[in-house]
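Engineer: This structure is in structure tokens; I'll ask about it shortly.
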There are 2 protein chains.
Amino acid sequence: MFDILHRVGMKASVDQVYKALSTREGGAAWWTTNTTGDGKVGGVLKFMFSADGVEIGGFDMKVLELQPGKRVLWQVVDGPAEWIGTKVSFDLKQSGEHTIVLFKHQGWKEPVEFMHHCSTKWAIYLMSLKSLVESGKGMPNPNDPHISGDGPD
Amino acid sequence: MFDILHRVGMKASVDQVYKALSTREGGAAWWTTNTTGDGKVGGVLKFMFSADGVEIGGFDMKVLELQPGKRVLWQVVDGPAEWIGTKVSFDLKQSGEHTIVLFKHQGWKEPVEFMHHCSTKWAIYLMSLKSLVESGKGMPNPNDPHISGDGPD
């Protein structure tokens with residue numbers, strides 16, 4: 001198994017960051033504006049992405065764990081084949097005035113080219129989360145920086 | 001062993017991207033302005049970083065492979081303990097008007113918190129490389145976006 005790892009510090013409380021990670025409204029403000037579904041444990045959050053006004057696919061995340069101010073854990077239940085069954089976690093800790101987010105997208109079967117892409121794209125979205133909690137304005141899809149050139153995102 | 005993976009497409013020729021990756025001047029324009037040393041195969045490129053005008057550490061990379069327009073491979077010969085012996089590769093391919101960079105920093109012994117940080121930071125620097133070859137202006141240290149909050153970078 002192969003994992004994507006990231007770490008970003010953001011000048012905000014763990015409660016602010018946790019709220020952005022554990023609610024539909026939060027997801028809509030940092031990951032994709034088209035976020036629907038149920039953010040409670042056992043519920044499914046649906047993140048749909050678009051480019052040039054057309055839906056290009058998304059991810060359905062079952063909420064496995066919610067520890068306020070500490071940890072959010074999702075499992076991918078629908079989306080690209082490579083994502084199904086993988087898990088995405090956000091572990092939070094306070095460090096002075098900052099909240100440190102340790103991110104892990106674990107359980108990739110192979111380190112395919114798409115995994116390389118998703119690794120970079122997660123970094124972009126975590127910077128969007130940082131921007132959201134620090135300034136009130138994230139860069140969720142469809143306003144996310146594009147990194148592919150040969151694809152829609 | 002654990003690897004950091006990234007993929008970024010940039011609107012530039014493979015030759016432009018290769019030049020930015022294989023020369024001292026290129027490294028100074030996207031990774032850190034304080035780049036010195038010898039970029040030839042067998043030579044060592046020295047990348048030194050600073051914050052608030054103070055040097056905070058760096059990486060010495062032995063150039064193991066140079067395939068013009070295709071591939072650059074370095075091995076870390078000095079730097080943080082976790083980096084020593086690891087390898088950093090950039091594989092290039094043309095896709096329409098874009099060059100796709102497949103990046104790998106391989107051979108981490110453990111997926112430590114510092115590896116999470118470096119994964120995110122590599123994404124930031126690859127976006128700097130993209131900016132350099134697309135617009136002529138990168139964001140090398142000390143002008144790189146900071147991601148830590150609790151550290152200098």
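In the structure tokens, chains take letters A, B, ... by order of appearance, with residues numbered from 1 within each chain and ligands from 1 in the order shown.
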Please build the interface table for chain A against chain B with a cut-off of 9 Å, listing for each qualifying residue the nearest atom pair and the distance in Å to one decimal; count only C-alpha atoms, order rows by chain and increasing number, and write it as a Markdown table.
Structural biologist:
| residue | atom | partner | partner_atom | distance |
| --- | --- | --- | --- | --- |
| A:Phe2 | CA | B:Phe2 | CA | 7.9 |
| A:Asp3 | CA | B:Phe2 | CA | 8.3 |
| A:Ile4 | CA | B:Ile4 | CA | 7.3 |
| A:Leu5 | CA | B:His116 | CA | 4.8 |
| A:His6 | CA | B:His116 | CA | 4.1 |
| A:Arg7 | CA | B:His117 | CA | 4.6 |
| A:Val8 | CA | B:Ile147 | CA | 5.4 |
| A:Gly9 | CA | B:Ser148 | CA | 4.4 |
| A:Met10 | CA | B:Gly149 | CA | 6.1 |
| A:Lys11 | CA | B:Gly149 | CA | 6.8 |
| A:Ser95 | CA | B:Asp150 | CA | 6.5 |
| A:Gly96 | CA | B:Asp150 | CA | 7.2 |
| A:Glu97 | CA | B:Gly149 | CA | 8.2 |
| A:His98 | CA | B:Gly149 | CA | 6.1 |
| A:Thr99 | CA | B:Gly149 | CA | 8.3 |
| A:Ile100 | CA | B:Ser148 | CA | 7.7 |
| A:Leu102 | CA | B:His116 | CA | 7.2 |
| A:Phe103 | CA | B:His116 | CA | 7.6 |
| A:Lys104 | CA | B:His116 | CA | 8.5 |
| A:Pro111 | CA | B:Leu5 | CA | 8.1 |
| A:Glu113 | CA | B:Arg7 | CA | 7.4 |
| A:Phe114 | CA | B:Arg7 | CA | 8.2 |
| A:Met115 | CA | B:Leu5 | CA | 7.5 |
| A:His116 | CA | B:His6 | CA | 4.1 |
| A:His117 | CA | B:Arg7 | CA | 4.6 |
| A:Cys118 | CA | B:His6 | CA | 7.7 |
| A:Ser119 | CA | B:His6 | CA | 5.7 |
| A:Thr120 | CA | B:His6 | CA | 5.2 |
| A:Lys121 | CA | B:Ala123 | CA | 8.4 |
| A:Trp122 | CA | B:Thr120 | CA | 8.6 |
| A:Ala123 | CA | B:Thr120 | CA | 5.5 |
| A:Ile124 | CA | B:Ala123 | CA | 7.9 |
| A:Leu126 | CA | B:Thr120 | CA | 8.9 |
| A:Met127 | CA | B:Ile147 | CA | 7.8 |
| A:Lys130 | CA | B:Ile147 | CA | 8.6 |
| A:Ile147 | CA | B:Val8 | CA | 5.4 |
| A:Ser148 | CA | B:Gly9 | CA | 4.5 |
| A:Gly149 | CA | B:Gly9 | CA | 5.0 |
| A:Asp150 | CA | B:Ser95 | CA | 6.5 |
| A:Gly151 | CA | B:Gly9 | CA | 8.9 |
Engineer: Just the residues within 12 Å of Val44 (chain A), please, counting only C-alpha atoms, with nothing from its chain fewer than 4 positions along; format it as a PyMOL selection string.
Structural biologist: chain A and resi 22-24+35-40+59-65+73-78
Engineer: Please determine, counting only C-alpha atoms, which residue among A:Gly79, A:Asp153, A:Trp108, A:Tyr125 has the shortest atom-to-atom distance to Met139 (chain A).
Structural biologist: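 Residue with the minimum atom-to-atom distance to Met139 (chain A): A:Tyr125.
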Engineer: Quick one: DSSP helix (DSSP H, G or I) residues in region 78-134 of chain A, as a PyMOL selection string?
Structural biologist: chain A and resi 113-134
Engineer: Considering only strand (DSSP E) as DSSP defines it on the backbone, what residues of region 96-143 of chain A qualify? List them as a PyMOL selection string.
Structural biologist: chain A and resi 98-108
Engineer: Keeping only C-alpha atoms, write the selected residues to a file as a CSV table (one decimal), in the first residue's frame.
Structural biologist:
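Done, and the output landed in again_36.csv:
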chain,number,residue,atom,x,y,z
A,98,HIS,CA,-1.0,27.6,14.8
A,99,THR,CA,-2.9,24.4,14.1
A,100,ILE,CA,-0.8,21.7,12.5
A,101,VAL,CA,-2.7,19.5,10.0
A,102,LEU,CA,-1.2,16.1,9.4
A,103,PHE,CA,-2.9,14.7,6.3
A,104,LYS,CA,-2.8,11.2,5.1
A,105,HIS,CA,-4.5,9.6,2.0
A,106,GLN,CA,-3.7,6.0,2.6
A,107,GLY,CA,-4.2,2.7,1.0
A,108,TRP,CA,-3.4,3.3,-2.7
Engineer: Please, what distance in Å, to one decimal, runs between CA of Pro68 (chain A) and CA of Trp30 (chain A)?
Structural biologist: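 Value for the CA of Pro68 (chain A)-CA of Trp30 (chain A) distance: 18.6 Å.
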Engineer: Here is a test: counting only C-alpha atoms, which residue of A:Ala12, A:Met1, A:Val41, A:Ile84 is nearest to Ser135 (chain A)?
Structural biologist: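 Smallest separation from Ser135 (chain A) among the options: A:Ala12.
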Engineer: Using Å and a single decimal, report how far CA of Leu21 (chain A) sits from CA of Gly43 (chain A).
Structural biologist: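 Going from CA of Gly43 (chain A) over to CA of Leu21 (chain A), I get 14.1 Å.
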Engineer: Compile the contact shell of Ser50 (chain B) as a ChimeraX atom specification: residues with an atom at most 8 Å away, counting only C-alpha atoms, same-chain residues fewer than 5 positions apart removed.
Structural biologist: /B:55-57,141-142
Engineer: Go ahead and save the picked residues with all heavy atoms, as a compact mmCIF listing (two decimals), in the first residue's frame.
Structural biologist:
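Full text of selection38.txt as output:
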# COMPACT_ATOMS: atom_id res chain seq x y z
N GLU B 55 20.69 31.60 7.29
CA GLU B 55 20.68 30.27 6.67
C GLU B 55 20.07 29.25 7.63
O GLU B 55 20.43 29.20 8.80
CB GLU B 55 22.10 29.85 6.27
CG GLU B 55 22.63 30.69 5.11
CD GLU B 55 23.97 30.20 4.58
OE1 GLU B 55 24.56 29.29 5.20
OE2 GLU B 55 24.42 30.74 3.55
N ILE B 56 19.13 28.44 7.12
CA ILE B 56 18.44 27.48 7.99
C ILE B 56 18.74 26.03 7.60
O ILE B 56 18.18 25.10 8.18
CB ILE B 56 16.90 27.70 7.97
CG1 ILE B 56 16.36 27.64 6.53
CG2 ILE B 56 16.54 29.01 8.63
CD1 ILE B 56 14.85 27.66 6.44
N GLY B 57 19.62 25.85 6.61
CA GLY B 57 19.97 24.48 6.21
C GLY B 57 19.74 24.28 4.73
O GLY B 57 19.19 25.13 4.04
N ASN B 141 13.14 29.99 -2.66
CA ASN B 141 13.49 30.51 -1.35
C ASN B 141 14.49 31.65 -1.54
O ASN B 141 15.36 31.54 -2.40
CB ASN B 141 14.12 29.36 -0.52
CG ASN B 141 14.65 29.84 0.81
OD1 ASN B 141 15.81 30.25 0.92
ND2 ASN B 141 13.80 29.83 1.81
N PRO B 142 14.43 32.78 -0.82
CA PRO B 142 13.58 33.03 0.35
C PRO B 142 12.21 33.64 0.03
O PRO B 142 11.57 34.16 0.94
CB PRO B 142 14.43 34.01 1.16
CG PRO B 142 15.12 34.82 0.12
CD PRO B 142 15.40 33.86 -1.02
